[in-house]
Every structure is written in structure tokens, then in C-alpha cells.
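*Asks:* My questions will all concern the structure given below.
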Amino acid sequence: MIYGNVDGVKKYALDRLKKIYDMQVPKDVLCSREIVGIIWNFSIYLNREISVAVNRRGEVVNVTIGNSSTVDIGKFTSLENRLSGIRIIHTHPGSRARLSMVDVSALTKLKLDCIAAVGIKNGVIELCMGFCKIEDKLIKAEISNEITLDEGLQYNILDKIYGVEETLKLKDISEEKGERAVLVGTDNRESLNELEELARACNAETLEKVFQKRDTIDAAFYIGKGKVKEIGMICQIENANLVIFDDELSGSQIRNLEENLGVKVIDRTVLILDIFATRAKSRESKMQVELAQLEYRFARLSGLGTVLSRTGGGIGTRGPGEKKLETDRRHIREKIYEIKSELKKAGKVRDIQRRRRNGTCKISLVGYTNSGKSTLRNMLCEIAAPGEIASKGKAFEADMLFATLDTTTRAVELKDGRIVTVTDTVGFINKLPHDLIESFKSTLEEINYSDLILHVVDVSSSRVEKQMEVVNKVLKELSLGEKPVLVVLNKVDKVDKDRVKAIMSECRSLDVVCVSAKYGINLEELLEKISDLLPTSIKKVQCLIPYTKQSLVSFIHNNCKIEKEKYGERGTYITALVDEKCYDKIKEFVVRQ
């Protein structure tokens with residue numbers, strides 16, 4: 001079977017490539033001349049990379065077709081203190097044979113026996129080989145110079161492989177794990193610092209931050225050519241395997257940067273999408289993330305480079321969309337249509353749930369990511385949702401960006417007896433990808449039905465003003481700028497009073513309350529403020545329910561807050577707080593209001 005990107009490949013080409021599985025490779029050499037000739041000729045004909053995997057018995061175990069700049073080499077396992085027993089030969093059509101950082105990463109992560117690239121230089125076919133080596137108790141790469149094809153195919157690789165394995169057995173080896181990133185920004189240093197937090201959320205180690213202030217964006221590289229060379233040197237010195245840009249890149253810019261830097265290049269959008277793919281739990285949020293991933297890749301299908309990673313791992317390749325990376329536009333378009341149809345069905349379910357809550361006041365928590373929305377919702381449910389109204393389950397809370405992606409709604413009881421719903425929503429962030437906003441619009445529409453929006457603000461952040469501006473901008477994009485808003489200044493326990501007063505003075509035209517959700521500070525005041533701002537239709541009534549109408553007593557117990565209840569000769573006397581719906585049902589028995 002031929003794996004990978006076989007779309008558009010004619011049957012005779014696939015049949016010819018399948019015959020490679022029947023060919024035997026001498027055990028002590030990299031590959032046979034016949035196999036290299038076949039994959040090179042078809043690679044030039046298709047303008048796609050082709051890889052062949054060979055085991056130590058000389059058997060071909062995998063043949064994969066990629067695109068013009070990448071190919072998936074498959075997944076191989078290795079035992080502890082052993083190499084994988086697999087050698088990889090792949091082509092670089094139209095370019096030199098030198099191994100990229102992605103090739104090197106695949107070599108060390110998968111502990112391959114050898115990885116080799118076949119390329120062309122000045123019209124001559126050349127070969128570049130890479131082997132694992134042990135250095136400072138770490139598995140690293142030893143890369144050969146570009147050599148002629150004859151020299152490469154005559155090299156005895158078994159001696160090299162067995163030597164490495166002997167060292168592996170004798171030494172306690174620690175494998176280098178994770179992604180080591182260089183961050184690049186052109187906006188401002190604060191945004192670059194936020195990018196570092198996003199990278200940390202993806203478990204990527206930041207080695208260096210590079211900032212270049214530019215008036216115009218370079219169409220080919222986004223940054224200047226000199227800065228590209230500087231970043232390339234940093235990657236070599238720091239052994240970085242990833243470069244993350246703070247702004248959205250085009251497909252051609254990603255391809256050009258990767259060709260010059262030799263490492264995987266992603267942008268802020270891919271990073272955020274990767275976080276969302278990792279954190280999404282519900283079926284709907286997973287579909288929304290997949291939709292955003294597909295929309296992003298659809299626009300860049302012809303230009304994406306090593307984001308379509310050969311190793312099939314790392315930032316930008318996780319999540320529900322990872323198997324669609326190499327599909328063509330038609331398949332992606334069909335998948336987008338399918339997901340949108342599913343999301344419409346989910347939207348109809350929410351509409352039904354919303355109608356069932358009709359008459360109940362609705363509150364939505366919005367704010368910058370990691371501002372404390374989920375913690376606040378949990379605390380409100382804990383102190384204002386006793387008994388049967390108590391939270392069915394806590395929202396996940398953690399000191400990290402985008403800890404909550406799934407919109408959840410819970411009921412709480414206010415001091416005046418009203419039952420209201422509190423909805424926790426996904427956090428916003430500066431430069432939030434447009435595709436992501438569009439994908440989550442169906443979920444964020446819940447805010448549109450709110451009677452009150454709680455804008456949760458992290459006052460301990462040095463970028464608090466900018467964060468508030470970002471949230472207000474997104475609310476306007478969602479046409480929610482006219483909704484009544486209560487600004488909740490959270491985490492007041494982390495800053496001094498003067499800082500809080502300064503922020504409050506900037507919000508003097510708005511309703512503001514200061515709280516600490518984590519420590520429960522001022523939450524009672526917050527609930528009172530919510531009661532004041534919500535539209536009220538609650539009445540305090542005294543009614544006499546005859547013993548022949550005792551079903552109404554159960555109705556009042558289930559739907560109203562009872563202050564007093566006693567039994568008399570004529571029936572049950574009840575003093576309760578009721579809304580209009582309940583009042584209409586019991587008004588004939590009301591004796592005082």
C-alpha cells in the first residue's frame with residue numbers, strides 16, 4: 001500500500017511504487033540503487049517528496065508520497081536502549097540533499113537507524129545522511145556532508161548503527177523532549193511576552209525572543225532578510241526546532257521561512273488553535289476547533305510547509321484536524337460543510353434548552369483568557385446555589401491560558417429569591433484568530449440572550465487596559481456592545497489599593513465591583529449588584545391555598561422562594577416571592593401583596 005498524498009497520482013505510478021515492497025535491500029547499505037532511482041524519478045515527475053522505510057532485514061516496510069516540501073515518514077517504535085531498526089530514505093525534489101531540522105528531529109525522536117535525503121545540486125544527484133550519536137547522555141544527530149550518490153550507497157551503515165546501540169546499552173541516556181522555540185514579533189514586546197505564555201501552554205520551551213519594529217511587512221518573509229539570517233543563527237546555536245511568529249503568516253511566507261531557517265515555522269494562530277485542540281472536551285467544542293483548523297489550512301493549502309510535520313507531532317499537528325493536513329481542497333470543503341451542518345444541529349438543541357429557561361434571567365461571564373471567569377462561576381455557585389440548585393459540576397479552573405473552552409450554564413439563587421443562570425464562556429485574547437471567532441459564534445450567541453454581562457477583569461495584569469479593550473472589541477464584533485455590563489475587577493488580592501483605584505477611575509462611567517474570586521472577597525456585594533442591575537418581576541405575596549387545591553402548594557414549592565408557611569382551618573397560608581408566571585397561576589388565591 002502506498003501511504004500519504006496519493007490524490008491525483010495515476011494508477012501506473014502507484015503500481016510501480018508498490019513493486020518497491022518486493023525489492024530486497026542489502027542489509028549493510030543504506031538502500032539499493034534501483035529503489036533510489038524509482039523514487040527519484042517519480043518524485044521529479046510528481047513534484048512531491050517520496051519516502052521509503054527499510055528494516056534491518058533489508059525489507060521495505062513503508063512507501064509514502066508527500067507534497068512538494070514534506071512527507072510523512074510514518075510512526076516507528078523502539079525499545080529502551082535500542083534504535084528503531086528502521087532507516088529512512090526520502091527525496092527533496094528541486095532542492096539540495098541537506099537534512100532539515102525537521103529531518104534531524106525525526107531522527108532523534110524516533111531513534112532511527114539512519115535518515116537520508118536525496119537531492120540535486122548543479123544538476124548532480126547527491127545524498128546526505130544522518131545518524132544518532134550519544135553526547136552528554138543525550139541522543140543527538142550526526143550529519144554527513146552532501147556526498148555523491150555512489151559514495152552514499154557504498155557506505156557500510158551497520159557498523160555505525162551497532163556502535164551507537166552499544167553506547168546506548170552502556171550509558172544512562174536522557175532523550176531530548178519537547179519543542180524548543182524562538183519567538184519572533186513585530187508588534188510590541190508585551191504581545192511577544194503573551195506569545196511566550198501561549199507557547200508555555202503548549203509545553204514549548206522559549207529559548208529566545210526576537211523583536212523587529214517594521215513599518216512595512218515583507219511579502220516573502222514577513223520580517224527582513226537580515227533578521228531571517230539572525231534567527232537562523234540563533235536556531236543553530238540554541239538547537240531550536242521551532243520558530244513561532246506573533247502575527248498571522250501566509251502560506252508562502254511559511255514556506256519561504258522554513259526553506260531558509262531549516263526548522264518548522266508556525267504563527268500565533270496555529271499556536272492558539274493547537275491550545276484549543278488540546279483543551280476541547282465536549283463534542284461541540286471539538287467540532288468548532290476542527291472547523292477553525294480546516295478554515296485556516298484551506299486558505300494555505302498550497303503554501304504550508306513543515307507544519308505538515310514529517311513526524312506527525314508537535315504544535316500545529318494535534319487535535320481533531322490532524323488527519324486532514326494533506327487532503328485536497330475538495331475534501332476539506334466537504335468536511336467544512338459537514339461540520340457546519342453538525343454545529344447547526346447543536347445550535348437547535350441549545351435553542352430548545354434556552355426556551356425551557358424562558359423567563360429566567362440570564363448572566364454571561366466574559367473576559368480575557370485567564371482572568372478568573374471559571375473560578376468566579378464556581379464560587380458563585382458555591383455560595384448562591386444551595387441544595388438542589390447547587391452546581392452539577394465545577395468548571396475546570398487553572399492558572400493557564402484558555403483553561404475553559406466548553407460553554408457551561410448553571411443556576412444560582414439571588415438574595416431576593418430569583419433564580420438566574422450563569423454562563424461561563426471561552427476567554428478572549430489579543431489577535432484572536434478570525435476563523436476561531438467565526439467557529440465559536442454559535443456558542444458565543446448565548447451571550448446575546450443575556451440580561452446582564454459580567455466583564456471579568458484581571459487587575460493584576462500589567463496589560464489590563466489593553467485586555468479590556470480587546471474584550472470590548474470582540475463584543476462589538478458579535479454585536480453585543482449594547483448589552484448592560486457589570487465590570488468585575490478580579491484578583492484584587494494581588495495588587496495594592498492605589499492600582500485598583502486607578503483602574504476604577506478609568507471605568508467610572510460603568511458599574512464596577514471589586515472581588516477576589518479565589519478567596520471569596522466581596523462576592524456578596526457582587527450578588528447584590530447583580531440583583532440591582534437585573535430586570536425584576538418578583539413580587540412578595542401572601543396567599544391562601546384551599547386544601548382542595550394542594551397541587552398548587554407543590555407548584556409554589558418547586559418554582560418560588562417561600563418565606564412563611566402554616567396550615568389553617570381554610571387551607572395553607574403561604575408567603576412567597578413569585579415571578580409573573582407563578583403569580584398568574586395563583587393570583588385568585590392571593591390575599592395580600
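Quick note on naming: the chains in the C-alpha cells go A, B, ... in the order shown, residues restart at 1 in each chain, and ligands are numbered from 1 in order of appearance.
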Considering only C-alpha atoms, give me a table of residues in range 33-125 of chain A that are at most 9 Å from range 10-27 of chain A, with the closest atom pair and distance in Å for each, as a Markdown table.

*Replies:*
| residue | atom | partner | partner_atom | distance |
| --- | --- | --- | --- | --- |
| A:Glu34 | CA | A:Met23 | CA | 8.8 |
| A:Ile35 | CA | A:Ile20 | CA | 6.6 |
| A:Ile38 | CA | A:Leu17 | CA | 7.5 |
| A:Ile39 | CA | A:Leu17 | CA | 7.6 |
| A:Phe42 | CA | A:Ala13 | CA | 7.5 |
| A:Val52 | CA | A:Ile20 | CA | 8.8 |
| A:Val54 | CA | A:Val25 | CA | 7.8 |
| A:Asn55 | CA | A:Lys27 | CA | 8.5 |
| A:Arg56 | CA | A:Lys27 | CA | 6.0 |
| A:Arg57 | CA | A:Lys27 | CA | 5.9 |
| A:Gly58 | CA | A:Val25 | CA | 4.4 |
| A:Glu59 | CA | A:Gln24 | CA | 5.7 |
| A:Val60 | CA | A:Tyr21 | CA | 5.2 |
| A:Val61 | CA | A:Tyr21 | CA | 7.0 |
| A:Asn62 | CA | A:Tyr21 | CA | 7.9 |
| A:Val63 | CA | A:Leu17 | CA | 7.6 |

*Asks:* For the residues in the current selection, export N, CA and C atoms as a JSON list (two decimals), in the first residue's frame.

*Replies:*
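Output below, filename again.json:
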[["chain", "number", "residue", "atom", "x", "y", "z"],
["A", 34, "GLU", "N", 18.41, 0.74, -7.40],
["A", 34, "GLU", "CA", 17.16, 0.64, -8.16],
["A", 34, "GLU", "C", 16.02, 1.38, -7.43],
["A", 35, "ILE", "N", 15.94, 1.18, -6.12],
["A", 35, "ILE", "CA", 14.87, 1.85, -5.35],
["A", 35, "ILE", "C", 15.07, 3.36, -5.38],
["A", 38, "ILE", "N", 13.93, 4.72, -8.67],
["A", 38, "ILE", "CA", 12.47, 4.77, -8.83],
["A", 38, "ILE", "C", 11.87, 5.96, -8.08],
["A", 39, "ILE", "N", 12.22, 6.12, -6.80],
["A", 39, "ILE", "CA", 11.59, 7.19, -6.03],
["A", 39, "ILE", "C", 12.06, 8.57, -6.51],
["A", 42, "PHE", "N", 10.09, 9.33, -9.91],
["A", 42, "PHE", "CA", 8.69, 9.65, -9.67],
["A", 42, "PHE", "C", 8.54, 10.92, -8.83],
["A", 52, "VAL", "N", 10.90, 6.10, 1.72],
["A", 52, "VAL", "CA", 10.90, 4.64, 1.81],
["A", 52, "VAL", "C", 11.52, 4.27, 3.15],
["A", 54, "VAL", "N", 13.05, 1.14, 5.45],
["A", 54, "VAL", "CA", 13.64, -0.19, 5.30],
["A", 54, "VAL", "C", 14.05, -0.69, 6.68],
["A", 55, "ASN", "N", 13.74, -1.97, 7.00],
["A", 55, "ASN", "CA", 14.18, -2.52, 8.28],
["A", 55, "ASN", "C", 15.56, -3.18, 8.15],
["A", 56, "ARG", "N", 16.07, -3.73, 9.23],
["A", 56, "ARG", "CA", 17.44, -4.28, 9.21],
["A", 56, "ARG", "C", 17.55, -5.60, 8.45],
["A", 57, "ARG", "N", 16.42, -6.20, 8.14],
["A", 57, "ARG", "CA", 16.46, -7.40, 7.31],
["A", 57, "ARG", "C", 16.50, -7.05, 5.83],
["A", 58, "GLY", "N", 16.48, -5.74, 5.54],
["A", 58, "GLY", "CA", 16.52, -5.30, 4.16],
["A", 58, "GLY", "C", 15.17, -5.29, 3.49],
["A", 59, "GLU", "N", 14.08, -5.35, 4.29],
["A", 59, "GLU", "CA", 12.72, -5.36, 3.75],
["A", 59, "GLU", "C", 12.13, -3.95, 3.76],
["A", 60, "VAL", "N", 11.47, -3.59, 2.68],
["A", 60, "VAL", "CA", 10.79, -2.29, 2.61],
["A", 60, "VAL", "C", 9.47, -2.41, 3.37],
["A", 61, "VAL", "N", 9.27, -1.55, 4.37],
["A", 61, "VAL", "CA", 8.08, -1.66, 5.22],
["A", 61, "VAL", "C", 7.11, -0.49, 5.02],
["A", 62, "ASN", "N", 7.54, 0.55, 4.32],
["A", 62, "ASN", "CA", 6.65, 1.70, 4.15],
["A", 62, "ASN", "C", 7.09, 2.52, 2.94],
["A", 63, "VAL", "N", 6.12, 2.89, 2.09],
["A", 63, "VAL", "CA", 6.37, 3.82, 0.99],
["A", 63, "VAL", "C", 5.30, 4.91, 1.07]]

*Asks:* Please list as an MDAnalysis selection string every residue within 12 Å of Val500 in chain A, counting only C-alpha atoms and excluding residues in the same chain fewer than 5 positions away.

*Replies:* chainID A and resid 457:461 464 488:495 505:507 512:515

*Asks:* Please produce a file of the residues just selected, as a PDB file, in the first residue's frame, where the atoms kept are N, CA and C atoms.

*Replies:*
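Once everything was written out, this is result-v2.pdb:
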ATOM      1  N   VAL A 457     -12.289  41.124  34.836  1.00  0.00           N
ATOM      2  CA  VAL A 457     -11.013  41.754  34.504  1.00  0.00           C
ATOM      3  C   VAL A 457      -9.955  41.333  35.514  1.00  0.00           C
ATOM      4  N   ASP A 458      -8.798  40.945  35.038  1.00  0.00           N
ATOM      5  CA  ASP A 458      -7.663  40.600  35.907  1.00  0.00           C
ATOM      6  C   ASP A 458      -6.881  41.882  36.198  1.00  0.00           C
ATOM      7  N   VAL A 459      -7.119  42.468  37.380  1.00  0.00           N
ATOM      8  CA  VAL A 459      -6.462  43.744  37.714  1.00  0.00           C
ATOM      9  C   VAL A 459      -4.985  43.562  38.008  1.00  0.00           C
ATOM     10  N   SER A 460      -4.534  42.309  38.205  1.00  0.00           N
ATOM     11  CA  SER A 460      -3.120  42.089  38.495  1.00  0.00           C
ATOM     12  C   SER A 460      -2.269  42.083  37.230  1.00  0.00           C
ATOM     13  N   SER A 461      -2.911  42.076  36.064  1.00  0.00           N
ATOM     14  CA  SER A 461      -2.172  42.061  34.809  1.00  0.00           C
ATOM     15  C   SER A 461      -1.602  43.435  34.494  1.00  0.00           C
ATOM     16  N   VAL A 464      -3.778  45.300  31.680  1.00  0.00           N
ATOM     17  CA  VAL A 464      -5.208  45.269  31.976  1.00  0.00           C
ATOM     18  C   VAL A 464      -6.021  46.171  31.043  1.00  0.00           C
ATOM     19  N   VAL A 488     -16.317  43.433  36.609  1.00  0.00           N
ATOM     20  CA  VAL A 488     -15.883  42.763  37.838  1.00  0.00           C
ATOM     21  C   VAL A 488     -14.360  42.772  37.869  1.00  0.00           C
ATOM     22  N   LEU A 489     -13.790  43.612  38.709  1.00  0.00           N
ATOM     23  CA  LEU A 489     -12.333  43.689  38.839  1.00  0.00           C
ATOM     24  C   LEU A 489     -11.879  42.566  39.762  1.00  0.00           C
ATOM     25  N   ASN A 490     -11.330  41.520  39.176  1.00  0.00           N
ATOM     26  CA  ASN A 490     -10.963  40.314  39.917  1.00  0.00           C
ATOM     27  C   ASN A 490      -9.483  40.340  40.312  1.00  0.00           C
ATOM     28  N   LYS A 491      -9.144  39.479  41.266  1.00  0.00           N
ATOM     29  CA  LYS A 491      -7.765  39.300  41.773  1.00  0.00           C
ATOM     30  C   LYS A 491      -7.255  40.556  42.481  1.00  0.00           C
ATOM     31  N   VAL A 492      -8.160  41.235  43.213  1.00  0.00           N
ATOM     32  CA  VAL A 492      -7.738  42.440  43.953  1.00  0.00           C
ATOM     33  C   VAL A 492      -6.778  42.087  45.077  1.00  0.00           C
ATOM     34  N   ASP A 493      -6.711  40.802  45.445  1.00  0.00           N
ATOM     35  CA  ASP A 493      -5.783  40.375  46.488  1.00  0.00           C
ATOM     36  C   ASP A 493      -4.334  40.431  46.029  1.00  0.00           C
ATOM     37  N   LYS A 494      -4.116  40.563  44.714  1.00  0.00           N
ATOM     38  CA  LYS A 494      -2.760  40.539  44.174  1.00  0.00           C
ATOM     39  C   LYS A 494      -2.160  41.923  43.959  1.00  0.00           C
ATOM     40  N   VAL A 495      -2.953  42.976  44.079  1.00  0.00           N
ATOM     41  CA  VAL A 495      -2.453  44.329  43.787  1.00  0.00           C
ATOM     42  C   VAL A 495      -2.789  45.274  44.938  1.00  0.00           C
ATOM     43  N   SER A 505     -11.140  54.365  38.291  1.00  0.00           N
ATOM     44  CA  SER A 505     -11.364  55.722  37.766  1.00  0.00           C
ATOM     45  C   SER A 505     -11.509  55.706  36.252  1.00  0.00           C
ATOM     46  N   GLU A 506     -10.823  54.755  35.607  1.00  0.00           N
ATOM     47  CA  GLU A 506     -10.948  54.630  34.154  1.00  0.00           C
ATOM     48  C   GLU A 506     -12.286  54.009  33.750  1.00  0.00           C
ATOM     49  N   CYS A 507     -12.934  53.340  34.713  1.00  0.00           N
ATOM     50  CA  CYS A 507     -14.237  52.700  34.436  1.00  0.00           C
ATOM     51  C   CYS A 507     -15.381  53.461  35.123  1.00  0.00           C
ATOM     52  N   VAL A 512     -19.121  49.016  38.464  1.00  0.00           N
ATOM     53  CA  VAL A 512     -17.906  48.280  38.803  1.00  0.00           C
ATOM     54  C   VAL A 512     -18.023  47.704  40.206  1.00  0.00           C
ATOM     55  N   VAL A 513     -17.497  46.488  40.385  1.00  0.00           N
ATOM     56  CA  VAL A 513     -17.370  45.894  41.710  1.00  0.00           C
ATOM     57  C   VAL A 513     -16.027  45.176  41.773  1.00  0.00           C
ATOM     58  N   CYS A 514     -15.346  45.266  42.926  1.00  0.00           N
ATOM     59  CA  CYS A 514     -14.030  44.642  43.110  1.00  0.00           C
ATOM     60  C   CYS A 514     -14.187  43.344  43.904  1.00  0.00           C
ATOM     61  N   VAL A 515     -13.581  42.259  43.408  1.00  0.00           N
ATOM     62  CA  VAL A 515     -13.698  40.968  44.083  1.00  0.00           C
ATOM     63  C   VAL A 515     -12.383  40.205  43.996  1.00  0.00           C
TER      64      VAL A 515
END

*Asks:* By how many Å are CA of Gly251 in chain A and CA of Ile429 in chain A apart?

*Replies:*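 Separating CA of Gly251 in chain A from CA of Ile429 in chain A is a distance of 23.2 Å.
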
*Asks:* Provide the CA of Gly224 in chain A to CA of Pro93 in chain A distance in Å, to one decimal place.

*Replies:* 27.1 Å

*Asks:* Compile the contact shell of Arg33 in chain A as a list in words: residues with an atom at most 9 Å away, counting only C-alpha atoms, same-chain residues fewer than 5 positions apart removed.

*Replies:*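 Final neighbour list, sorted by chain and number: Ile38, Leu149, Asp150 and Leu153 of chain A.
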
*Asks:* Grab the CA of Gly66 in chain A to CA of Cys235 in chain A distance for me, in Å with one decimal place.

*Replies:*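 Spanning CA of Gly66 in chain A to CA of Cys235 in chain A is a straight-line distance of 25.6 Å.
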
*Asks:* Rank A:Arg268, A:Arg377, A:Lys561, A:Lys581 by their smallest atom-to-atom distance to Glu197 in chain A, using only C-alpha atoms, and report the top residue only.

*Replies:*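 Nearest candidate to Glu197 in chain A out of A:Arg268, A:Arg377, A:Lys561, A:Lys581: A:Arg268.
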
*Asks:* Show me, as JSON, numbers by chain, the residues that have an atom within 12 Å of Asp584 in chain A when counting only C-alpha atoms, minus same-chain residues fewer than 5 positions from it.

*Replies:* {"A": [539, 541, 556, 578, 579, 589, 590]}

*Asks:* With C-alpha atoms retained, export the selected residues as a CSV table (one decimal), in the first residue's frame.

*Replies:*
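Generated output (out_12.csv):
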chain,number,residue,atom,x,y,z
A,539,LYS,CA,-43.5,40.1,43.9
A,541,VAL,CA,-47.4,37.8,48.0
A,556,ILE,CA,-45.1,27.1,44.7
A,578,VAL,CA,-43.1,34.9,42.9
A,579,ASP,CA,-42.4,35.9,39.4
A,589,PHE,CA,-55.8,32.8,45.9
A,590,VAL,CA,-53.7,35.9,46.7

*Asks:* With distances taken over only C-alpha atoms, which of A:Ile503, A:Ala277, A:Val349, A:Val366 is nearest to Gly427 in chain A?

*Replies:* A:Val366

*Asks:* Of the candidates A:Glu196, A:Asp113, A:Glu205, A:Glu142, which shows the shortest atom-to-atom distance to Glu165 in chain A, using only C-alpha atoms?

*Replies:* A:Asp113

*Asks:* Go through A:Val265, A:Leu170, A:Leu376, A:Ile562 one by one, measure the shortest atom-to-atom distance of each to Ile134 in chain A using only C-alpha atoms, and give the residue with the smallest value.

*Replies:*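 Smallest separation from Ile134 in chain A among the options: A:Leu170.
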
*Asks:* Find the residue from A:Arg255, A:Leu30, A:Val184, A:Thr575 that sits nearest to Ser68 in chain A; use only C-alpha atoms when measuring.

*Replies:*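 Of A:Arg255, A:Leu30, A:Val184, A:Thr575, the one nearest Ser68 in chain A, counting only C-alpha atoms, is A:Arg255.
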
*Asks:* If we count only C-alpha atoms, what is near range 123-132 of chain A at a cut-off of 6 Å, once residues fewer than 5 positions away on the same chain are taken out, given as a PyMOL selection string?

*Replies:* chain A and resi 97-98+114-118+140-144+146-149
